[in-house]
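Undergrad: File name data.cif; file contents mmCIF, C-alpha atoms, pLDDT in the B column; chains and numbers go by the auth columns; full text below.
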```cif
data_structure
loop_
_atom_site.group_PDB
_atom_site.id
_atom_site.type_symbol
_atom_site.label_atom_id
_atom_site.label_comp_id
_atom_site.label_asym_id
_atom_site.label_seq_id
_atom_site.Cartn_x
_atom_site.Cartn_y
_atom_site.Cartn_z
_atom_site.B_iso_or_equiv
_atom_site.auth_seq_id
_atom_site.auth_asym_id
ATOM 1 C CA ALA A 1 30.132 3.702 -20.055 84.00 1 A
ATOM 2 C CA ALA A 2 30.863 0.095 -21.034 81.00 2 A
ATOM 3 C CA CYS A 3 29.623 -1.027 -17.616 82.00 3 A
ATOM 4 C CA GLY A 4 26.373 0.907 -17.923 83.00 4 A
ATOM 5 C CA ASP A 5 27.305 3.790 -15.609 90.00 5 A
ATOM 6 C CA ARG A 6 25.664 6.550 -17.636 88.00 6 A
ATOM 7 C CA ALA A 7 26.039 9.180 -14.910 92.00 7 A
ATOM 8 C CA GLY A 8 29.719 8.446 -14.435 92.00 8 A
ATOM 9 C CA ALA A 9 30.279 8.392 -18.192 91.00 9 A
ATOM 10 C CA ALA A 10 28.545 11.758 -18.568 90.00 10 A
ATOM 11 C CA GLU A 11 30.733 13.235 -15.832 93.00 11 A
ATOM 12 C CA VAL A 12 33.937 11.971 -17.467 93.00 12 A
ATOM 13 C CA GLU A 13 32.799 13.207 -20.863 91.00 13 A
ATOM 14 C CA ARG A 14 32.118 16.695 -19.486 92.00 14 A
ATOM 15 C CA TRP A 15 35.589 16.717 -17.978 94.00 15 A
ATOM 16 C CA LEU A 16 37.166 15.591 -21.256 94.00 16 A
ATOM 17 C CA ALA A 17 35.202 18.178 -23.250 91.00 17 A
ATOM 18 C CA GLY A 18 36.559 20.911 -21.001 91.00 18 A
ATOM 19 C CA LEU A 19 40.216 19.961 -21.386 90.00 19 A
ATOM 20 C CA GLU A 20 42.319 22.619 -23.015 85.00 20 A
ATOM 21 C CA GLU A 21 45.762 21.157 -22.450 84.00 21 A
ATOM 22 C CA PRO A 22 48.312 21.608 -25.219 81.00 22 A
ATOM 23 C CA TYR A 23 49.395 18.656 -27.337 88.00 23 A
ATOM 24 C CA LEU A 24 46.312 16.509 -26.778 92.00 24 A
ATOM 25 C CA ARG A 25 45.996 16.060 -30.550 92.00 25 A
ATOM 26 C CA GLY A 26 42.395 14.930 -30.240 92.00 26 A
ATOM 27 C CA ALA A 27 43.013 12.151 -27.700 92.00 27 A
ATOM 28 C CA HIS A 28 40.405 13.643 -25.372 95.00 28 A
ATOM 29 C CA THR A 29 37.844 13.872 -28.183 95.00 29 A
ATOM 30 C CA ARG A 30 38.586 10.299 -29.254 93.00 30 A
ATOM 31 C CA ALA A 31 37.928 9.182 -25.667 94.00 31 A
ATOM 32 C CA ARG A 32 34.609 11.046 -25.787 96.00 32 A
ATOM 33 C CA ALA A 33 33.805 9.116 -28.984 95.00 33 A
ATOM 34 C CA ALA A 34 34.411 5.824 -27.178 94.00 34 A
ATOM 35 C CA ILE A 35 32.070 6.918 -24.396 96.00 35 A
ATOM 36 C CA ALA A 36 29.377 7.881 -26.911 96.00 36 A
ATOM 37 C CA ALA A 37 29.806 4.535 -28.681 95.00 37 A
ATOM 38 C CA HIS A 38 29.233 2.609 -25.452 94.00 38 A
ATOM 39 C CA LEU A 39 26.235 4.762 -24.587 94.00 39 A
ATOM 40 C CA GLY A 40 24.561 3.720 -27.846 94.00 40 A
ATOM 41 C CA GLU A 41 25.114 6.997 -29.692 95.00 41 A
ATOM 42 C CA PRO A 42 26.926 5.887 -32.865 96.00 42 A
ATOM 43 C CA ALA A 43 26.253 9.035 -34.926 97.00 43 A
ATOM 44 C CA ARG A 44 27.633 11.262 -32.184 97.00 44 A
ATOM 45 C CA ALA A 45 30.599 8.911 -31.726 96.00 45 A
ATOM 46 C CA VAL A 46 31.473 9.126 -35.419 95.00 46 A
ATOM 47 C CA ASP A 47 31.109 12.915 -35.335 96.00 47 A
ATOM 48 C CA LEU A 48 33.504 13.031 -32.386 96.00 48 A
ATOM 49 C CA LEU A 49 35.981 10.826 -34.256 93.00 49 A
ATOM 50 C CA HIS A 50 35.872 13.292 -37.147 92.00 50 A
ATOM 51 C CA GLN A 51 36.552 16.102 -34.663 94.00 51 A
ATOM 52 C CA ALA A 52 39.407 14.136 -33.104 93.00 52 A
ATOM 53 C CA SER A 53 40.924 13.659 -36.541 89.00 53 A
ATOM 54 C CA ALA A 54 40.682 17.408 -37.214 91.00 54 A
ATOM 55 C CA GLN A 55 42.448 17.982 -33.887 92.00 55 A
ATOM 56 C CA GLY A 56 45.337 15.731 -34.901 90.00 56 A
ATOM 57 C CA HIS A 57 44.249 12.263 -33.766 86.00 57 A
ATOM 58 C CA TYR A 58 45.424 9.628 -36.194 79.00 58 A
ATOM 59 C CA ARG A 59 45.290 5.913 -35.418 72.00 59 A
ATOM 60 C CA PHE A 60 44.976 3.214 -38.030 62.00 60 A
ATOM 61 C CA GLU A 61 43.924 0.683 -35.410 71.00 61 A
ATOM 62 C CA ASP A 62 40.733 2.519 -34.398 69.00 62 A
ATOM 63 C CA HIS A 63 38.775 0.113 -36.615 72.00 63 A
ATOM 64 C CA CYS A 64 39.720 -2.842 -34.382 79.00 64 A
ATOM 65 C CA ASP A 65 40.032 -1.047 -31.028 85.00 65 A
ATOM 66 C CA PRO A 66 37.835 -2.744 -28.382 87.00 66 A
ATOM 67 C CA GLU A 67 36.936 0.688 -27.004 89.00 67 A
ATOM 68 C CA LEU A 68 35.146 1.361 -30.282 91.00 68 A
ATOM 69 C CA GLU A 69 33.639 -2.119 -30.673 92.00 69 A
ATOM 70 C CA PRO A 70 30.052 -0.811 -30.523 94.00 70 A
ATOM 71 C CA LEU A 71 30.797 0.995 -33.806 93.00 71 A
ATOM 72 C CA TRP A 72 32.026 -2.077 -35.654 91.00 72 A
ATOM 73 C CA GLY A 73 29.655 -2.576 -38.549 91.00 73 A
ATOM 74 C CA VAL A 74 28.286 0.986 -38.426 93.00 74 A
ATOM 75 C CA PRO A 75 28.619 2.200 -42.043 93.00 75 A
ATOM 76 C CA ASP A 76 29.740 5.745 -41.171 92.00 76 A
ATOM 77 C CA PHE A 77 32.438 4.356 -38.871 91.00 77 A
ATOM 78 C CA GLU A 78 33.591 1.851 -41.497 87.00 78 A
ATOM 79 C CA GLN A 79 33.865 4.682 -44.048 87.00 79 A
ATOM 80 C CA LEU A 80 35.825 6.793 -41.589 83.00 80 A
ATOM 81 C CA TRP A 81 38.574 4.273 -41.014 73.00 81 A
ATOM 82 C CA LEU A 82 38.657 3.182 -44.674 75.00 82 A
ATOM 83 C CA ALA A 83 39.249 6.803 -45.650 71.00 83 A
ATOM 84 C CA ALA A 84 42.093 7.059 -43.135 64.00 84 A
ATOM 85 C CA ALA A 85 43.860 3.916 -44.332 61.00 85 A
#
```
Before we go any further, please render this structure as structure tokens.
TA:
Amino acid sequence: AACGDRAGAAEVERWLAGLEEPYLRGAHTRARAAIAAHLGEPARAVDLLHQASAQGHYRFEDHCDPELEPLWGVPDFEQLWLAAA
């Protein structure tokens, strides 16, 4: 997604969305959020981060993770990581 390969990103996201492995704890949904962020879909990315959190994903460093750089400065994203801190 970061390289502009929308088709490839969509394929990977579909694969991630279909994962039903145990113990993922939202890692797959967080990866989908990063894809959405790089595709210019910040609202969907933040929604996916909320879902990932509900699934057990918990990382304080999301706010400075380069994979989520397109969300830096997005108010909903800033609120999300401030609430988690």
Undergrad: Could you please give me, as a PyMOL selection string, the residues of protein, DNA or RNA lying at most 12 Å from (39.5, 14.1, -26.4) in the coordinate frame of the file, considering only C-alpha atoms?
TA: chain A and resi 12-36+45+48-57
Undergrad: Work out how far apart CA of Glu78 in chain A and CA of His63 in chain A are and give it in Å to one decimal.
TA: 7.3 Å
Undergrad: Which one is closest to Val74 in chain A: A:Ala1, A:Ala10, A:Val46, A:Leu39? Count only C-alpha atoms.
TA: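 Closest to Val74 in chain A of all the choices is A:Val46.
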Undergrad: Could you write out as JSON the box around range 59-70 of chain A (axis-aligned, all atoms listed in the file, 6 Å on each side), with centre and edge lengths in Å to one decimal?
TA:
```
{"center_x": 37.7, "center_y": 1.5, "center_z": -32.5, "size_x": 27.2, "size_y": 20.8, "size_z": 23.0}
```
Undergrad: Excluding Glu67 in chain A and its own-chain neighbours fewer than 2 positions away, which residues fall within 9 Å of it when counting all atoms listed in the file? Please give them as an MDAnalysis selection string.
TA: chainID A and resid 2 31 34:35 37:38 62 64:65 69:70
Undergrad: For the atom pair CA of Tyr58 in chain A and CA of Asp5 in chain A, what is the interatomic distance in Å to one decimal place?
TA: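 Pair CA of Tyr58 in chain A / CA of Asp5 in chain A returns 28.0 Å.
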Undergrad: If you measure from CA of Arg6 in chain A to CA of Arg59 in chain A, what distance in Å do you get, rounded to one decimal?
TA: 26.5 Å
Undergrad: Starting from the incomplete input, reconstruct all heavy atoms of range 41-52 of chain A and write that as a JSON list (two decimals), in the coordinates of the input.
TA:
```json
[["chain", "number", "residue", "atom", "x", "y", "z"],
["A", 41, "GLU", "N", 25.27, 5.78, -28.89],
["A", 41, "GLU", "CA", 25.11, 7.00, -29.69],
["A", 41, "GLU", "C", 26.12, 6.97, -30.85],
["A", 41, "GLU", "O", 27.08, 7.75, -30.87],
["A", 41, "GLU", "CB", 25.33, 8.23, -28.81],
["A", 41, "GLU", "CG", 24.36, 8.30, -27.65],
["A", 41, "GLU", "CD", 24.72, 9.40, -26.65],
["A", 41, "GLU", "OE1", 25.74, 10.10, -26.83],
["A", 41, "GLU", "OE2", 23.96, 9.56, -25.68],
["A", 42, "PRO", "N", 25.92, 6.05, -31.82],
["A", 42, "PRO", "CA", 26.93, 5.89, -32.86],
["A", 42, "PRO", "C", 27.14, 7.12, -33.74],
["A", 42, "PRO", "O", 28.28, 7.41, -34.12],
["A", 42, "PRO", "CB", 26.41, 4.71, -33.68],
["A", 42, "PRO", "CG", 24.95, 4.63, -33.38],
["A", 42, "PRO", "CD", 24.79, 5.14, -31.98],
["A", 43, "ALA", "N", 26.09, 7.85, -34.07],
["A", 43, "ALA", "CA", 26.25, 9.04, -34.93],
["A", 43, "ALA", "C", 27.11, 10.08, -34.22],
["A", 43, "ALA", "O", 28.01, 10.68, -34.83],
["A", 43, "ALA", "CB", 24.90, 9.61, -35.31],
["A", 44, "ARG", "N", 26.84, 10.29, -32.94],
["A", 44, "ARG", "CA", 27.63, 11.26, -32.18],
["A", 44, "ARG", "C", 29.07, 10.78, -32.04],
["A", 44, "ARG", "O", 30.03, 11.55, -32.13],
["A", 44, "ARG", "CB", 27.02, 11.53, -30.82],
["A", 44, "ARG", "CG", 27.65, 12.71, -30.10],
["A", 44, "ARG", "CD", 26.79, 13.19, -28.95],
["A", 44, "ARG", "NE", 26.88, 12.35, -27.79],
["A", 44, "ARG", "CZ", 27.90, 12.39, -26.91],
["A", 44, "ARG", "NH1", 28.87, 13.25, -27.09],
["A", 44, "ARG", "NH2", 27.90, 11.61, -25.87],
["A", 45, "ALA", "N", 29.25, 9.48, -31.84],
["A", 45, "ALA", "CA", 30.60, 8.91, -31.73],
["A", 45, "ALA", "C", 31.40, 9.15, -33.00],
["A", 45, "ALA", "O", 32.56, 9.56, -32.95],
["A", 45, "ALA", "CB", 30.52, 7.42, -31.41],
["A", 46, "VAL", "N", 30.78, 8.92, -34.15],
["A", 46, "VAL", "CA", 31.47, 9.13, -35.42],
["A", 46, "VAL", "C", 31.78, 10.61, -35.61],
["A", 46, "VAL", "O", 32.87, 10.97, -36.06],
["A", 46, "VAL", "CB", 30.66, 8.54, -36.59],
["A", 46, "VAL", "CG1", 31.26, 8.95, -37.93],
["A", 46, "VAL", "CG2", 30.60, 7.03, -36.48],
["A", 47, "ASP", "N", 30.84, 11.47, -35.25],
["A", 47, "ASP", "CA", 31.11, 12.92, -35.34],
["A", 47, "ASP", "C", 32.30, 13.30, -34.47],
["A", 47, "ASP", "O", 33.16, 14.09, -34.88],
["A", 47, "ASP", "CB", 29.88, 13.73, -34.90],
["A", 47, "ASP", "CG", 28.77, 13.74, -35.93],
["A", 47, "ASP", "OD1", 29.03, 13.39, -37.11],
["A", 47, "ASP", "OD2", 27.64, 14.09, -35.55],
["A", 48, "LEU", "N", 32.37, 12.74, -33.27],
["A", 48, "LEU", "CA", 33.50, 13.03, -32.39],
["A", 48, "LEU", "C", 34.81, 12.49, -32.96],
["A", 48, "LEU", "O", 35.86, 13.12, -32.80],
["A", 48, "LEU", "CB", 33.24, 12.48, -30.98],
["A", 48, "LEU", "CG", 32.20, 13.25, -30.18],
["A", 48, "LEU", "CD1", 31.74, 12.44, -28.97],
["A", 48, "LEU", "CD2", 32.75, 14.60, -29.73],
["A", 49, "LEU", "N", 34.76, 11.35, -33.62],
["A", 49, "LEU", "CA", 35.98, 10.83, -34.26],
["A", 49, "LEU", "C", 36.45, 11.74, -35.38],
["A", 49, "LEU", "O", 37.65, 11.95, -35.57],
["A", 49, "LEU", "CB", 35.75, 9.40, -34.77],
["A", 49, "LEU", "CG", 35.66, 8.33, -33.69],
["A", 49, "LEU", "CD1", 35.22, 7.00, -34.29],
["A", 49, "LEU", "CD2", 36.99, 8.18, -32.97],
["A", 50, "HIS", "N", 35.51, 12.31, -36.12],
["A", 50, "HIS", "CA", 35.87, 13.29, -37.15],
["A", 50, "HIS", "C", 36.54, 14.50, -36.49],
["A", 50, "HIS", "O", 37.54, 15.01, -36.99],
["A", 50, "HIS", "CB", 34.64, 13.74, -37.94],
["A", 50, "HIS", "CG", 34.23, 12.77, -38.99],
["A", 50, "HIS", "ND1", 34.91, 12.60, -40.17],
["A", 50, "HIS", "CD2", 33.17, 11.92, -39.06],
["A", 50, "HIS", "CE1", 34.32, 11.69, -40.91],
["A", 50, "HIS", "NE2", 33.25, 11.26, -40.25],
["A", 51, "GLN", "N", 35.97, 14.96, -35.38],
["A", 51, "GLN", "CA", 36.55, 16.10, -34.66],
["A", 51, "GLN", "C", 37.95, 15.76, -34.16],
["A", 51, "GLN", "O", 38.88, 16.58, -34.26],
["A", 51, "GLN", "CB", 35.67, 16.50, -33.48],
["A", 51, "GLN", "CG", 34.39, 17.18, -33.85],
["A", 51, "GLN", "CD", 33.56, 17.50, -32.61],
["A", 51, "GLN", "OE1", 34.09, 17.79, -31.55],
["A", 51, "GLN", "NE2", 32.23, 17.44, -32.76],
["A", 52, "ALA", "N", 38.10, 14.56, -33.61],
["A", 52, "ALA", "CA", 39.41, 14.14, -33.10],
["A", 52, "ALA", "C", 40.43, 14.13, -34.23],
["A", 52, "ALA", "O", 41.58, 14.56, -34.04],
["A", 52, "ALA", "CB", 39.30, 12.75, -32.46]]
```
